[in-house]
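Asker: Before anything else, here's the structure in question.
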Amino acid sequence: MTTDTVNSIVITELRKSYERVTGSETTYAVDGVSFDVPKGQFVTLLGPSGCGKTTTLRCVAGLERATGGRIEMGGQVVFDVPQKRFVRPEDRPIAMVPQSYGIWPHMTVLDNAAFPMRHGRNRRKGQDIRKRAMEMLEQVGLAPMADRWATQLSGGQQQRLAFARALLGDPEVLLLDEPLSNLDAKLRAKLRQELRSFQEQFGVTALYVTHDQAEALALSDTVVVMNQGHVEQIDRPEQLYDHPGSSFVADFIGSANLLPVQDVSSRGDGGVVAKTDVGPVLCLRSSAGRDQHRAGTTGGFVCVRPEDVQVRAVSPAPADDEFTATVESSEFLGDRLELVIRAADIPITVSARAGLGCRPGEDVVVRFDPATASYLAS
Ligand SMILES: Nc1ncnc2c1ncn2[C@@H]1O[C@H](COP(=O)(O)OP(=O)(O)O)[C@@H](O)[C@H]1O
Ligand SMILES: [Mg+2]
């Protein structure tokens, strides 16, 4: 039963369908999801609304009973269909940080923090509770406010309290479902940094859910990209950005120009020449993955990030690896120009240096750098 890996959570082929009043075939909100949460890592489930993130997290917490699959936690099986095993939420080694922080308004900061030690899975007794809670409040900078009512804390302080409280329950893993999504953009950015420093300070193991790609990239050691109940890709943030495995991931993480491919040929050095409407594009990056999510495309896509599109004035004439495009729009954003150009009826977004002089209607010469062009196979 015990695994010799250092995974805090191992999820295998998790499936969950909700009962439907009407309709014939079963649809799965979570459809065969597998991933690990290694001890000490911050792992994020990222994907658009409705892709099954919350359902997955609730199955991990035991708040939903999955339809199939297996969940191991701290080396114990907490859910397994063939074994008919279901460990109750309160007996799982987790702490959930709710979206609203779930701070008790009728308690002081200290009593809020101490709550899991008085009522939780790892209950304690006596003076030790107060001492430990104070130490934790000290660490998160809330000690001077220990005797205040919890409602007298600012949003940021409430988040710190929610963390402190969750950690005082000694969980194997913290579970967080979009904890920043109710906040305005400025506070969200600030609390994101706080979260990040918490993570570093305490070395917590966390399973985090968000639909916000910037949040996922900034916070996570590993991101599990989900789409329609499936896992699309599991990778480190930089890998996801630089080596998206599908057009879905390329489009969802950052922005991407996706050019449909008619034909491909491999070169000896691992590079791929992809035939597109703007001409052949040499790609030194390619994914072996299947791209099932764009019907009617069999040849895959070339993916080029806006910042990797090279644009210059029309003269001299285009070389073999260049092509001509017409500027449709040009927006000055201070440090850069955001252009939309069009070639062979394909719009291409370009992030260009601010000094580049070009106006809508003018032609430019374009080059994709092979080192940053990815071929995404179908
Ligand atoms: N209690 C429920 N009953 C029926 N369908 C649900 C329930 N909760 C979620 N769903 C459906 O399951 C799918 C995944 O939902 P959810 O896990 O909440 O997605 P996410 O958190 O990624 O936005 C959606 O299609 C949603 O409508
Ligand atoms: Mg959700």
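Each chain in the structure tokens gets a letter, A, B, ..., in the order shown, and its residues are numbered from 1; ligands are numbered from 1 in order too.
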List as a ChimeraX atom specification the protein and nucleic acid residues near Glu72 of chain A, meaning an atom at most 10 Å away when only C-alpha atoms are counted, but skip any in the same chain fewer than 2 places from it.
Answerer: /A:1-3,7-12,36,60,70,74-80
Asker: Enumerate as a VMD selection string the residues within 8 Å of ligand 2, counting only C-alpha atoms and all ligand atoms.
Answerer: chain A and resid 49 to 50 52 to 55 177 to 178 209 to 210
Asker: Identify, counting only C-alpha atoms and all ligand atoms, the protein, DNA and RNA residues located within 10 Å of ligand 1, and give them as a count of residues only.
Answerer: 35
Asker: Would you mind telling me which residue in A:Glu200, A:Asp128, A:Glu172, A:Glu138 lies nearest to Val6 of chain A when using only C-alpha atoms?
Answerer: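 Smallest separation from Val6 of chain A among the options: A:Glu172.
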Asker: As a count of residues only, list the residues of segment 175-262 of chain A assigned to alpha helix (DSSP H) by DSSP on the backbone atoms of this structure.
Answerer: 37
Asker: Nearest to Arg92 of chain A among A:Pro171, A:Pro280, A:Gly68, A:Gly254, with distances taken over only C-alpha atoms: which residue is it?
Answerer: A:Pro171
Asker: My list of candidates is A:Gln139, A:Gln99, A:Asn112, A:Ser351. Which is closest to Asp335 of chain A when distances are computed with only C-alpha atoms?
Answerer: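 Of A:Gln139, A:Gln99, A:Asn112, A:Ser351, the one nearest Asp335 of chain A, counting only C-alpha atoms, is A:Ser351.
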Asker: Mind checking which residues fall within 7 Å of segment 237-242 of chain A, counting only C-alpha atoms, ignoring those fewer than 6 positions away in the same chain, and posting them as number ranges by chain?
Answerer: A: 217, 222-223, 253
Asker: If you count only C-alpha atoms, which residues fall within 10 Å of Arg336 of chain A, apart from same-chain ones fewer than 6 positions away, as a ChimeraX atom specification?
Answerer: /A:307,350-356
Asker: Which residues, written as a list in words, have at least one atom at most 9 Å from segment 322-330 of chain A, with only C-alpha atoms counted and residues fewer than 5 positions away on the same chain left out?
Answerer: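 Non-adjacent residues within range: Val278, Gly279, Val314, Ala317, Leu337, Glu338, Leu339, Val340, Ile341, Arg342, Ala343, Ala344, Pro347, Cys358, Arg359, Pro360, Gly361, Glu362, Asp363, Val364, Val365, Val366, Arg367 and Phe368 of chain A.
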Asker: Near Gln262 of chain A, within 12 Å and counting only C-alpha atoms, which residues show up once chain neighbours fewer than 6 positions away are dropped, as a ChimeraX atom specification?
Answerer: /A:273-281,296-302,375,377-378
Asker: So that I can check the secondary structure, give me every residue of segment 64-97 of chain A assigned strand (DSSP E) by backbone DSSP, as a list in words.
Answerer: Gly68, Gly69, Arg70, Ile71, Glu72, Met73, Gln76, Val77, Val78, Phe79, Asp80, Arg85, Phe86, Ile94, Ala95, Met96 and Val97 of chain A
Asker: List the neighbours of Ser154 of chain A out to 12 Å using only C-alpha atoms; skip same-chain residues closer than 3 positions along the sequence, and give me the result as a short mmCIF file (atom, residue, chain, number, x, y, z; two decimals) with N, CA and C atoms, in the first residue's frame.
Answerer:
data_model
loop_
_atom_site.label_atom_id
_atom_site.label_comp_id
_atom_site.auth_asym_id
_atom_site.auth_seq_id
_atom_site.Cartn_x
_atom_site.Cartn_y
_atom_site.Cartn_z
N ILE A 103 -12.85 32.45 7.43
CA ILE A 103 -12.45 32.95 8.75
C ILE A 103 -13.70 33.08 9.63
N VAL A 109 -8.30 36.47 16.17
CA VAL A 109 -7.31 35.95 15.22
C VAL A 109 -6.66 34.69 15.80
N LEU A 142 1.32 38.20 11.95
CA LEU A 142 0.03 38.58 12.53
C LEU A 142 0.04 38.58 14.06
N MET A 145 -1.66 41.23 16.12
CA MET A 145 -3.12 41.31 15.99
C MET A 145 -3.82 40.11 16.59
N ARG A 148 -7.19 40.62 18.24
CA ARG A 148 -8.25 41.33 17.50
C ARG A 148 -9.32 40.37 17.02
N TRP A 149 -10.49 40.93 16.73
CA TRP A 149 -11.49 40.12 16.04
C TRP A 149 -11.01 39.88 14.61
N ALA A 150 -11.29 38.72 14.10
CA ALA A 150 -10.80 38.37 12.76
C ALA A 150 -11.34 39.32 11.70
N THR A 151 -12.51 39.87 11.95
CA THR A 151 -13.13 40.78 10.98
C THR A 151 -12.38 42.10 10.88
N GLN A 157 -4.43 40.24 5.20
CA GLN A 157 -4.20 39.64 6.51
C GLN A 157 -5.09 38.42 6.72
N GLN A 158 -6.30 38.50 6.19
CA GLN A 158 -7.21 37.35 6.31
C GLN A 158 -6.66 36.15 5.56
N GLN A 159 -6.06 36.44 4.40
CA GLN A 159 -5.48 35.33 3.66
C GLN A 159 -4.33 34.69 4.45
N ARG A 160 -3.52 35.55 5.08
CA ARG A 160 -2.41 35.01 5.88
C ARG A 160 -2.94 34.18 7.03
N LEU A 161 -4.03 34.66 7.63
CA LEU A 161 -4.62 33.91 8.74
C LEU A 161 -5.16 32.56 8.23
N LEU A 187 -4.99 43.86 -5.76
CA LEU A 187 -4.87 43.06 -4.54
C LEU A 187 -4.49 41.63 -4.89
N LEU A 191 -1.42 39.61 -3.33
CA LEU A 191 -1.62 38.39 -2.55
C LEU A 191 -0.97 37.18 -3.23
#
Asker: Here is a test: counting only C-alpha atoms, which residue of A:Glu331, A:Asp320, A:Asp221, A:Asp251 is nearest to Leu376 of chain A?
Answerer: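 Nearest candidate to Leu376 of chain A out of A:Glu331, A:Asp320, A:Asp221, A:Asp251: A:Asp251.
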Asker: Can you tell me how far atom CA of Asp345 of chain A sits from atom CA of Pro260 of chain A, in Å to one decimal?
Answerer: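 According to the coordinates, atom CA of Asp345 of chain A and atom CA of Pro260 of chain A are separated by 11.8 Å.
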